[in-house]
file my_file17.txt (compact mmCIF, C-alpha atoms)
# COMPACT_ATOMS: atom_id res chain seq x y z
CA ILE F 1 -5.04 61.31 -31.59
CA ARG F 2 -1.81 61.65 -33.49
CA LEU F 3 0.80 64.31 -34.13
CA PRO F 4 0.51 66.36 -36.25
CA SER F 5 -3.25 66.81 -36.44
CA ILE F 6 -6.27 69.06 -35.99
CA VAL F 7 -9.05 67.69 -33.80
CA ASN F 8 -12.48 69.32 -33.75
CA ILE F 9 -14.83 68.74 -30.82
CA VAL F 10 -18.31 69.91 -31.74
CA GLY F 11 -21.58 70.39 -29.90
CA PRO F 12 -24.52 72.64 -29.06
CA THR F 13 -24.09 75.40 -26.49
CA GLY F 14 -24.16 74.31 -22.86
CA ILE F 15 -23.94 70.54 -23.29
CA GLY F 16 -20.52 70.13 -21.66
CA LYS F 17 -17.91 70.44 -24.41
CA SER F 18 -15.40 72.09 -22.07
CA THR F 19 -16.05 69.45 -19.40
CA TYR F 20 -15.39 66.74 -22.01
CA VAL F 21 -12.11 68.34 -23.11
CA ASN F 22 -11.03 69.05 -19.54
CA GLU F 23 -11.51 65.38 -18.67
CA LEU F 24 -9.15 64.51 -21.54
CA LEU F 25 -6.70 67.17 -20.42
CA TYR F 26 -6.80 66.00 -16.84
CA TYR F 27 -5.75 62.52 -17.92
CA TRP F 28 -3.10 63.78 -20.33
CA ILE F 29 -1.56 66.15 -17.76
CA PHE F 30 -0.49 63.11 -15.72
CA ASN F 31 -0.06 60.47 -18.42
CA SER F 32 0.90 62.03 -21.74
CA PRO F 33 4.55 62.44 -22.77
CA TYR F 34 3.55 65.80 -24.29
CA LYS F 35 3.07 69.16 -22.62
CA MET F 36 -0.39 70.77 -22.84
CA GLY F 37 -1.03 74.41 -23.71
CA ILE F 38 -4.53 75.82 -23.21
CA LEU F 39 -5.79 79.00 -24.86
CA SER F 40 -8.91 79.84 -22.87
CA LEU F 41 -11.18 82.39 -24.52
CA GLU F 42 -14.18 82.03 -22.18
CA ALA F 43 -12.91 81.10 -18.71
CA ASP F 44 -10.22 83.21 -17.05
CA ARG F 45 -7.43 81.55 -15.10
CA SER F 46 -9.37 81.68 -11.83
CA GLU F 47 -12.40 79.98 -13.38
CA TYR F 48 -10.24 77.44 -15.21
CA SER F 49 -8.31 76.66 -12.06
CA ASN F 50 -11.61 76.19 -10.24
CA VAL F 51 -12.79 73.44 -12.60
CA LEU F 52 -9.44 71.63 -12.77
CA VAL F 53 -8.99 71.69 -8.99
CA SER F 54 -12.59 70.46 -8.57
CA ARG F 55 -11.80 67.52 -10.82
CA HIS F 56 -8.52 66.82 -9.05
CA ILE F 57 -9.89 66.77 -5.50
CA GLY F 58 -13.26 65.22 -6.46
CA VAL F 59 -15.33 68.07 -5.02
CA LYS F 60 -17.12 70.62 -7.20
CA LEU F 61 -16.08 73.91 -5.60
CA ASN F 62 -18.95 75.84 -7.19
CA LEU F 63 -21.38 73.81 -5.07
CA LEU F 64 -19.79 75.17 -1.88
CA ASP F 65 -20.20 78.63 -0.44
CA ASP F 66 -17.13 80.89 -0.47
CA LEU F 67 -16.09 80.16 3.12
CA GLU F 68 -16.39 76.38 2.67
CA ALA F 69 -14.43 76.48 -0.58
CA GLU F 70 -11.68 78.64 0.92
CA ALA F 71 -11.37 76.40 3.97
CA LEU F 72 -11.10 73.33 1.76
CA ILE F 73 -8.51 74.57 -0.72
CA THR F 74 -6.31 76.12 1.99
CA SER F 75 -6.21 72.94 4.08
CA GLU F 76 -2.79 71.29 4.10
CA GLU F 77 -3.98 68.09 2.41
CA VAL F 78 -5.78 69.82 -0.46
CA ASP F 79 -3.03 72.43 -0.88
CA THR F 80 -0.57 69.57 -1.42
CA LYS F 81 -2.92 68.00 -3.98
CA ILE F 82 -3.25 71.30 -5.84
CA ASP F 83 0.52 71.68 -6.02
CA HIS F 84 0.69 68.15 -7.45
CA LEU F 85 -1.86 69.18 -10.10
CA TYR F 86 0.16 72.20 -11.19
CA HIS F 87 3.72 70.91 -10.90
CA ASN F 88 5.78 67.87 -11.78
CA ASP F 89 7.98 66.29 -9.12
CA ASP F 90 10.90 68.45 -10.30
CA GLY F 91 8.84 71.63 -9.88
CA THR F 92 8.28 72.31 -13.58
CA PRO F 93 4.74 73.15 -14.78
CA ARG F 94 2.56 70.24 -15.87
CA PHE F 95 0.71 72.48 -18.34
CA TYR F 96 0.34 76.09 -19.44
CA LEU F 97 -2.77 78.26 -19.58
CA MET F 98 -3.11 81.49 -21.52
CA GLU F 99 -6.16 83.68 -21.21
CA GLU F 100 -6.68 86.13 -24.05
CA ARG F 101 -9.22 88.93 -24.12
CA ASP F 102 -7.86 90.90 -27.08
CA GLY F 103 -8.93 88.36 -29.68
CA LYS F 104 -6.89 89.78 -32.57
CA LEU F 105 -5.66 86.90 -34.68
CA GLU F 106 -2.09 88.15 -34.98
CA ASN F 107 -1.84 88.29 -31.18
CA ILE F 108 -3.39 84.83 -30.93
CA LYS F 109 -0.84 83.42 -33.37
CA LYS F 110 2.00 84.87 -31.32
CA LEU F 111 0.58 83.40 -28.12
CA ILE F 112 0.22 79.98 -29.74
CA GLU F 113 3.78 80.12 -31.06
CA GLN F 114 4.92 81.10 -27.57
CA LEU F 115 3.19 78.02 -26.15
CA ILE F 116 4.85 75.81 -28.77
CA ILE F 117 8.35 77.26 -28.91
CA ALA F 118 8.97 78.78 -25.46
CA CYS F 119 6.85 76.38 -23.41
CA ASN F 120 7.45 73.23 -25.50
CA CYS F 121 3.73 72.43 -25.77
CA LYS F 122 2.71 69.79 -28.29
CA ILE F 123 -1.04 69.80 -27.58
CA ILE F 124 -2.79 73.17 -27.98
CA VAL F 125 -6.42 73.53 -26.93
CA ILE F 126 -8.46 76.48 -28.27
CA ASP F 127 -11.67 76.87 -26.25
CA PRO F 128 -13.81 77.88 -28.14
CA ILE F 129 -12.42 78.69 -31.56
CA GLN F 130 -15.59 80.56 -32.59
CA ASP F 131 -14.63 83.33 -30.14
CA LEU F 132 -11.63 84.00 -32.38
CA PHE F 133 -13.84 84.16 -35.46
CA ALA F 134 -16.40 86.64 -34.10
CA GLY F 135 -16.63 89.59 -36.50
CA LEU F 136 -14.24 88.06 -39.02
CA SER F 137 -15.01 87.49 -42.67
CA ILE F 138 -15.11 83.96 -44.08
CA GLY F 139 -11.84 84.74 -45.86
CA GLU F 140 -10.13 85.71 -42.60
CA GLN F 141 -11.41 82.55 -40.92
CA GLU F 142 -10.10 80.44 -43.78
CA GLU F 143 -6.74 82.17 -43.54
CA PHE F 144 -6.46 81.25 -39.85
CA SER F 145 -7.44 77.63 -40.60
CA ALA F 146 -4.70 77.55 -43.24
CA TRP F 147 -2.24 78.88 -40.64
CA LEU F 148 -3.21 76.04 -38.28
CA LYS F 149 -2.45 73.49 -41.03
CA ILE F 150 0.95 75.07 -41.69
CA THR F 151 1.75 75.21 -37.96
CA ILE F 152 0.97 71.56 -37.18
CA LYS F 153 3.39 70.46 -39.89
CA ALA F 154 6.07 73.00 -39.02
CA TYR F 155 6.13 72.09 -35.32
CA ASP F 156 4.61 68.57 -35.23
CA VAL F 157 1.81 69.57 -32.87
CA CYS F 158 -1.89 68.87 -32.37
CA PHE F 159 -4.62 71.52 -32.16
CA ILE F 160 -7.80 70.59 -30.31
CA CYS F 161 -10.51 73.08 -31.24
CA ILE F 162 -13.80 73.32 -29.38
CA ASN F 163 -16.62 74.31 -31.74
CA HIS F 164 -20.16 75.64 -31.35
CA ILE F 165 -22.88 74.73 -33.82
CA ARG F 166 -25.45 77.10 -35.33
CA LYS F 167 -28.38 75.49 -33.56
CA SER F 168 -29.03 76.99 -30.14
CA GLN F 169 -29.86 73.59 -28.63
CA GLY F 170 -29.32 69.94 -29.35
CA GLY F 171 -32.33 67.72 -29.62
CA GLY F 172 -31.29 65.32 -26.88
CA VAL F 173 -28.79 62.50 -26.60
CA ASP F 174 -30.22 60.65 -29.60
CA ALA F 175 -30.52 63.72 -31.84
CA ARG F 176 -28.34 63.93 -34.92
CA TYR F 177 -26.65 66.98 -36.30
CA SER F 178 -23.82 67.15 -38.81
CA GLU F 179 -20.41 68.77 -38.73
CA GLN F 180 -21.68 71.10 -41.45
CA GLU F 181 -23.61 72.95 -38.73
CA VAL F 182 -20.41 74.26 -37.11
CA LYS F 183 -20.47 78.05 -36.91
CA GLY F 184 -18.28 79.92 -39.35
CA SER F 185 -16.19 78.77 -42.26
CA SER F 186 -16.31 75.10 -43.24
CA THR F 187 -12.55 75.13 -43.87
CA LEU F 188 -11.69 74.21 -40.28
CA ILE F 189 -13.86 71.09 -40.38
CA GLN F 190 -12.48 70.17 -43.79
CA SER F 191 -8.97 70.39 -42.31
CA SER F 192 -9.90 68.12 -39.41
CA PHE F 193 -8.05 64.85 -38.83
CA LEU F 194 -10.60 63.80 -36.20
CA THR F 195 -14.07 65.22 -35.56
CA ILE F 196 -16.07 64.34 -32.43
CA LEU F 197 -19.75 65.30 -32.14
CA LEU F 198 -21.16 65.62 -28.61
CA ASN F 199 -24.75 65.83 -27.44
CA ARG F 200 -26.80 65.76 -24.25
CA GLU F 201 -30.41 66.27 -23.24
CA LYS F 202 -30.62 69.74 -21.66
CA GLU F 203 -34.33 69.90 -20.89
CA PRO F 204 -36.08 67.85 -18.17
CA ASP F 205 -38.76 65.36 -19.18
CA PRO F 206 -41.79 65.78 -16.88
CA THR F 207 -42.93 62.22 -17.59
CA LEU F 208 -39.82 60.82 -15.87
CA SER F 209 -39.05 60.43 -12.18
CA GLU F 210 -36.50 62.75 -10.59
CA ASN F 211 -33.87 60.02 -10.68
CA GLU F 212 -34.59 59.16 -14.33
CA GLN F 213 -34.35 62.84 -15.25
CA LYS F 214 -30.96 63.07 -13.54
CA ILE F 215 -29.68 60.09 -15.55
CA LEU F 216 -31.08 61.50 -18.80
CA MET F 217 -29.64 64.99 -18.35
CA SER F 218 -26.28 63.76 -17.03
CA THR F 219 -25.64 61.40 -19.96
CA MET F 220 -23.57 62.61 -22.92
CA THR F 221 -23.12 60.83 -26.22
CA HIS F 222 -20.12 61.21 -28.49
CA ARG F 223 -19.94 60.25 -32.13
CA ILE F 224 -16.95 60.17 -34.46
CA SER F 225 -17.91 61.73 -37.79
CA LYS F 226 -14.43 61.94 -39.31
CA ASN F 227 -11.30 59.93 -38.66
CA ARG F 228 -8.58 60.49 -41.22
CA ALA F 229 -6.09 58.17 -39.46
CA THR F 230 -8.10 54.93 -39.56
CA GLY F 231 -11.37 55.75 -41.31
CA LEU F 232 -13.31 54.25 -38.38
CA THR F 233 -16.32 56.38 -37.51
CA GLY F 234 -19.63 56.02 -35.66
CA ASP F 235 -20.89 55.80 -32.10
CA GLY F 236 -18.26 56.47 -29.45
CA GLY F 237 -20.38 55.37 -26.51
CA SER F 238 -22.03 57.27 -23.67
CA LEU F 239 -20.55 59.24 -20.78
CA PHE F 240 -21.99 60.19 -17.40
CA TYR F 241 -21.26 63.45 -15.60
CA ASP F 242 -21.21 63.31 -11.79
CA ASN F 243 -21.92 66.88 -10.72
CA VAL F 244 -20.83 66.51 -7.09
CA SER F 245 -17.31 65.30 -7.94
CA HIS F 246 -17.11 67.18 -11.28
CA THR F 247 -16.00 63.96 -12.99
CA LEU F 248 -16.93 62.49 -16.36
CA TYR F 249 -17.16 58.68 -16.43
CA SER F 250 -17.96 56.16 -19.10
CA LEU F 251 -21.64 55.35 -18.55
CA GLU F 252 -20.91 51.66 -18.01
CA GLU F 253 -18.22 52.45 -15.43
CA TYR F 254 -20.55 54.75 -13.53
CA LYS F 255 -23.31 52.11 -13.57
CA ALA F 256 -20.89 49.61 -12.04
CA ILE F 257 -19.92 52.07 -9.29
CA ASN F 258 -23.48 53.25 -8.55
CA PRO F 259 -25.85 50.42 -9.53
CA GLU F 260 -28.58 51.67 -7.17
CA LEU F 261 -28.98 54.85 -9.23
CA PHE F 262 -29.96 52.83 -12.29
CA GLU F 263 -32.45 50.48 -10.66
CA PRO F 264 -35.92 50.75 -12.24
CA SER F 265 -38.21 53.16 -10.41
CA GLU F 266 -41.36 51.84 -8.78
CA PRO F 267 -44.42 52.77 -10.84
CA THR F 268 -46.68 55.44 -9.38
CA TYR F 269 -50.48 55.37 -9.61

call {"tool": "encode", "arguments": {"input": "my_file17.txt", "output": "structure tokens"}}
result
Amino acid sequence: IRLPSIVNIVGPTGIGKSTYVNELLYYWIFNSPYKMGILSLEADRSEYSNVLVSRHIGVKLNLLDDLEAEALITSEEVDTKIDHLYHNDDGTPRFYLMEERDGKLENIKKLIEQLIIACNCKIIVIDPIQDLFAGLSIGEQEEFSAWLKITIKAYDVCFICINHIRKSQGGGVDARYSEQEVKGSSTLIQSSFLTILLNREKEPDPTLSENEQKILMSTMTHRISKNRATGLTGDGGSLFYDNVSHTLYSLEEYKAINPELFEPSEPTY
């Protein structure tokens, strides 16, 4: 991913697009030379903090009851970890989060410019961009996409846009859909420097064992459909989501860590 650019991450509803992007963000927060700015249009700051803290401490807080979660996050050890997640060693913020419920594009533009200019953010995540486009005409959507193109060049930044597709469900990890199925104007996809298509099986298969179903429904595929920088496209490999630790692994890495999970099941008669 290069500056300046527009990156589109695409997938059916409920397959883990935000989890995928948050895994990228979690790595970048600690390793990227650039500051991250997140415009969250679905999760408020409490919900967003919940998922990032879960990833950071390796415990999915939503799986705990309220008392257990409170006891964990207020313990001295975890409190120190949370501070490390939010702040650099010099006390400055590692990233910025803006939650917006107004949705008017002019307000959104001002917020984004505030992230770029006042907060010095070079990576701006819009999650999901279709929430901005709700109720807008195709012309208004195209105008906003044009503004994104102008902004990346003016400030040398990268926009990472999470996109829903028109289909209500994907057809499983091996199903194929195209970037043309993104909701709204096609201009945003046409402006993309990099487009990543995600998919995952959401429905259980009754012919599989419980363990096989877990593997199937926890595995995500990602495919590169557009890559303006190098032209290299195609299969991006498979990922595995561990629900207990709220962590996304490469499938091969997870197999190496947990080989027993992937051992063939004994046939039943």

call {"tool": "closest_residue", "arguments": {"input": "my_file17.txt", "among": "F:Thr13, F:Lys153, F:Leu41, F:Arg176", "to": "F:Asp235", "atoms": "only C-alpha atoms"}}
result
F:Arg176

call {"tool": "residues_around", "arguments": {"input": "my_file17.txt", "residues": "F:Gly184", "least_positions_apart": "4", "cutoff": "10 Å", "atoms": "all atoms listed in the file", "output": "list of chain:residue names"}}
result
F:Ile129, F:Gln130, F:Phe133, F:Ala134, F:Leu136, F:Ser137, F:Ile138, F:Gln141, F:Glu142, F:Asn163, F:His164, F:Ile165, F:Arg166, F:Gln180, F:Leu188, F:Ile189

call {"tool": "closest_atom_pairs", "arguments": {"input": "my_file17.txt", "of": "stretch 52-168 of chain F", "to": "stretch 192-208 of chain F", "cutoff": "10 Å", "atoms": "all atoms listed in the file", "output": "Markdown table"}}
result
| residue | atom | partner | partner_atom | distance |
| --- | --- | --- | --- | --- |
| F:Ser145 | CA | F:Ser192 | CA | 9.9 |
| F:Lys149 | CA | F:Ser192 | CA | 9.3 |
| F:Cys158 | CA | F:Phe193 | CA | 9.8 |
| F:Phe159 | CA | F:Ser192 | CA | 9.6 |
| F:Ile160 | CA | F:Leu194 | CA | 9.4 |
| F:Cys161 | CA | F:Ser192 | CA | 9.6 |
| F:Ile162 | CA | F:Ile196 | CA | 9.8 |
| F:Asn163 | CA | F:Leu197 | CA | 9.5 |

call {"tool": "atom_distance", "arguments": {"input": "my_file17.txt", "atom1": "atom CA of F:Ile150", "atom2": "atom CA of F:Ile29"}}
result
25.7 Å

call {"tool": "atom_distance", "arguments": {"input": "my_file17.txt", "atom1": "atom CA of F:Ser18", "atom2": "atom CA of F:Asn211"}}
result
24.8 Å

call {"tool": "atom_distance", "arguments": {"input": "my_file17.txt", "atom1": "atom CA of F:Val7", "atom2": "atom CA of F:Ser178"}}
result
15.6 Å

call {"tool": "residues_around", "arguments": {"input": "my_file17.txt", "residues": "stretch 54-69 of chain F", "least_positions_apart": "5", "cutoff": "7 Å", "atoms": "only C-alpha atoms", "output": "ChimeraX atom specification"}}
result
/F:244-247

call {"tool": "closest_residue", "arguments": {"input": "my_file17.txt", "among": "F:His84, F:Lys183, F:Lys214, F:Lys35", "to": "F:Cys119", "atoms": "all atoms listed in the file"}}
result
F:Lys35

call {"tool": "closest_residue", "arguments": {"input": "my_file17.txt", "among": "F:Asp89, F:Phe144, F:Thr219, F:Glu181", "to": "F:Lys109", "atoms": "only C-alpha atoms"}}
result
F:Phe144

call {"tool": "closest_residue", "arguments": {"input": "my_file17.txt", "among": "F:Ile215, F:Ile116, F:Ala146, F:Ile152", "to": "F:Thr187", "atoms": "all atoms listed in the file"}}
result
F:Ala146

call {"tool": "closest_residue", "arguments": {"input": "my_file17.txt", "among": "F:Ser225, F:Ser40, F:Asn243, F:Ser191", "to": "F:Glu100", "atoms": "all atoms listed in the file"}}
result
F:Ser40

call {"tool": "closest_residue", "arguments": {"input": "my_file17.txt", "among": "F:Gly139, F:Gly234, F:Gly91, F:Pro33", "to": "F:Lys122", "atoms": "all atoms listed in the file"}}
result
F:Pro33

call {"tool": "residues_around", "arguments": {"input": "my_file17.txt", "residues": "F:Leu97", "least_positions_apart": "2", "cutoff": "7 Å", "atoms": "all atoms listed in the file", "output": "list in words"}}
result
Gly37, Ile38, Leu39, Phe95 and Glu99 of chain F

call {"tool": "residues_around", "arguments": {"input": "my_file17.txt", "residues": "F:Glu106", "least_positions_apart": "6", "cutoff": "12 Å", "atoms": "all atoms listed in the file", "output": "ChimeraX atom specification"}}
result
/F:112-113,132,140,143-144,147

call {"tool": "axis_aligned_box", "arguments": {"input": "my_file17.txt", "around": "stretch 94-109 of chain F", "padding_each_side": "3 Å", "output": "lines of an AutoDock Vina configuration file"}}
result
center_x = -3.3
center_y = 80.6
center_z = -25.4
size_x = 17.8
size_y = 26.7
size_z = 25.1

call {"tool": "decode", "arguments": {"input": "my_file17.txt", "residues": "stretch 225-252 of chain F", "atoms": "N, CA, C and O atoms", "output": "CSV table (one decimal), in the first residue's frame"}}
result
chain,number,residue,atom,x,y,z
F,225,SER,N,-8.2,-7.9,-6.7
F,225,SER,CA,-8.9,-7.8,-8.1
F,225,SER,C,-8.3,-6.6,-8.9
F,225,SER,O,-8.4,-6.6,-10.1
F,226,LYS,N,-7.6,-5.7,-8.2
F,226,LYS,CA,-7.0,-4.6,-8.8
F,226,LYS,C,-5.8,-4.1,-8.1
F,226,LYS,O,-5.8,-4.1,-6.8
F,227,ASN,N,-4.7,-3.9,-8.8
F,227,ASN,CA,-3.5,-3.5,-8.2
F,227,ASN,C,-2.7,-2.6,-9.2
F,227,ASN,O,-2.0,-3.0,-10.0
F,228,ARG,N,-3.0,-1.3,-9.0
F,228,ARG,CA,-2.5,-0.3,-10.0
F,228,ARG,C,-1.0,-0.2,-9.9
F,228,ARG,O,-0.3,0.1,-10.8
F,229,ALA,N,-0.4,-0.4,-8.7
F,229,ALA,CA,1.0,-0.2,-8.5
F,229,ALA,C,1.9,-1.3,-9.2
F,229,ALA,O,2.9,-0.9,-9.9
F,230,THR,N,1.5,-2.5,-9.2
F,230,THR,CA,2.3,-3.6,-9.8
F,230,THR,C,1.6,-4.4,-10.8
F,230,THR,O,2.2,-5.1,-11.6
F,231,GLY,N,0.3,-4.3,-10.8
F,231,GLY,CA,-0.5,-5.1,-11.8
F,231,GLY,C,-0.7,-6.6,-11.3
F,231,GLY,O,-1.4,-7.3,-12.0
F,232,LEU,N,-0.1,-7.0,-10.2
F,232,LEU,CA,-0.2,-8.3,-9.7
F,232,LEU,C,-1.6,-8.5,-9.0
F,232,LEU,O,-1.9,-7.8,-8.1
F,233,THR,N,-2.4,-9.4,-9.5
F,233,THR,CA,-3.7,-9.7,-8.9
F,233,THR,C,-3.8,-11.2,-8.7
F,233,THR,O,-3.0,-12.0,-9.1
F,234,GLY,N,-5.0,-11.6,-8.0
F,234,GLY,CA,-5.2,-13.0,-7.8
F,234,GLY,C,-5.4,-13.3,-6.4
F,234,GLY,O,-5.6,-12.5,-5.5
F,235,ASP,N,-5.3,-14.6,-6.1
F,235,ASP,CA,-5.5,-15.1,-4.7
F,235,ASP,C,-4.5,-14.6,-3.7
F,235,ASP,O,-3.3,-14.6,-4.0
F,236,GLY,N,-5.0,-14.1,-2.6
F,236,GLY,CA,-4.1,-13.5,-1.6
F,236,GLY,C,-4.0,-14.5,-0.4
F,236,GLY,O,-3.4,-14.1,0.6
F,237,GLY,N,-4.5,-15.7,-0.5
F,237,GLY,CA,-4.3,-16.7,0.6
F,237,GLY,C,-5.5,-16.7,1.5
F,237,GLY,O,-6.4,-15.9,1.3
F,238,SER,N,-5.4,-17.5,2.5
F,238,SER,CA,-6.5,-17.7,3.5
F,238,SER,C,-6.1,-17.3,4.9
F,238,SER,O,-4.9,-17.4,5.2
F,239,LEU,N,-7.1,-16.8,5.6
F,239,LEU,CA,-6.9,-16.3,7.0
F,239,LEU,C,-7.8,-17.1,7.9
F,239,LEU,O,-8.8,-17.6,7.5
F,240,PHE,N,-7.4,-17.1,9.2
F,240,PHE,CA,-8.2,-17.9,10.2
F,240,PHE,C,-8.4,-17.0,11.4
F,240,PHE,O,-7.5,-16.4,11.9
F,241,TYR,N,-9.7,-16.8,11.7
F,241,TYR,CA,-10.1,-16.0,12.9
F,241,TYR,C,-10.3,-16.8,14.1
F,241,TYR,O,-11.1,-17.7,14.2
F,242,ASP,N,-9.5,-16.5,15.1
F,242,ASP,CA,-9.6,-17.2,16.4
F,242,ASP,C,-10.5,-16.3,17.3
F,242,ASP,O,-10.1,-15.2,17.7
F,243,ASN,N,-11.7,-16.8,17.6
F,243,ASN,CA,-12.7,-16.0,18.3
F,243,ASN,C,-12.4,-15.7,19.7
F,243,ASN,O,-12.6,-14.6,20.2
F,244,VAL,N,-11.7,-16.6,20.4
F,244,VAL,CA,-11.4,-16.5,21.8
F,244,VAL,C,-10.4,-15.3,22.0
F,244,VAL,O,-10.6,-14.5,22.9
F,245,SER,N,-9.4,-15.2,21.2
F,245,SER,CA,-8.4,-14.2,21.3
F,245,SER,C,-8.6,-13.0,20.4
F,245,SER,O,-7.9,-12.0,20.4
F,246,HIS,N,-9.7,-13.1,19.6
F,246,HIS,CA,-10.0,-12.0,18.7
F,246,HIS,C,-8.8,-11.6,17.8
F,246,HIS,O,-8.4,-10.4,17.7
F,247,THR,N,-8.2,-12.6,17.2
F,247,THR,CA,-7.0,-12.4,16.4
F,247,THR,C,-7.2,-13.1,15.1
F,247,THR,O,-7.7,-14.2,15.0
F,248,LEU,N,-6.7,-12.5,14.0
F,248,LEU,CA,-6.8,-13.0,12.7
F,248,LEU,C,-5.3,-13.4,12.3
F,248,LEU,O,-4.4,-12.7,12.3
F,249,TYR,N,-5.2,-14.7,11.9
F,249,TYR,CA,-3.9,-15.3,11.6
F,249,TYR,C,-3.9,-15.7,10.1
F,249,TYR,O,-5.0,-15.8,9.5
F,250,SER,N,-2.7,-15.8,9.5
F,250,SER,CA,-2.7,-16.6,8.2
F,250,SER,C,-3.1,-18.0,8.6
F,250,SER,O,-2.8,-18.5,9.6
F,251,LEU,N,-3.8,-18.6,7.6
F,251,LEU,CA,-4.3,-20.0,7.9
F,251,LEU,C,-3.1,-20.9,8.2
F,251,LEU,O,-3.2,-21.8,9.1
F,252,GLU,N,-2.1,-20.8,7.4
F,252,GLU,CA,-0.9,-21.7,7.6
F,252,GLU,C,-0.2,-21.5,9.0
F,252,GLU,O,0.2,-22.4,9.6
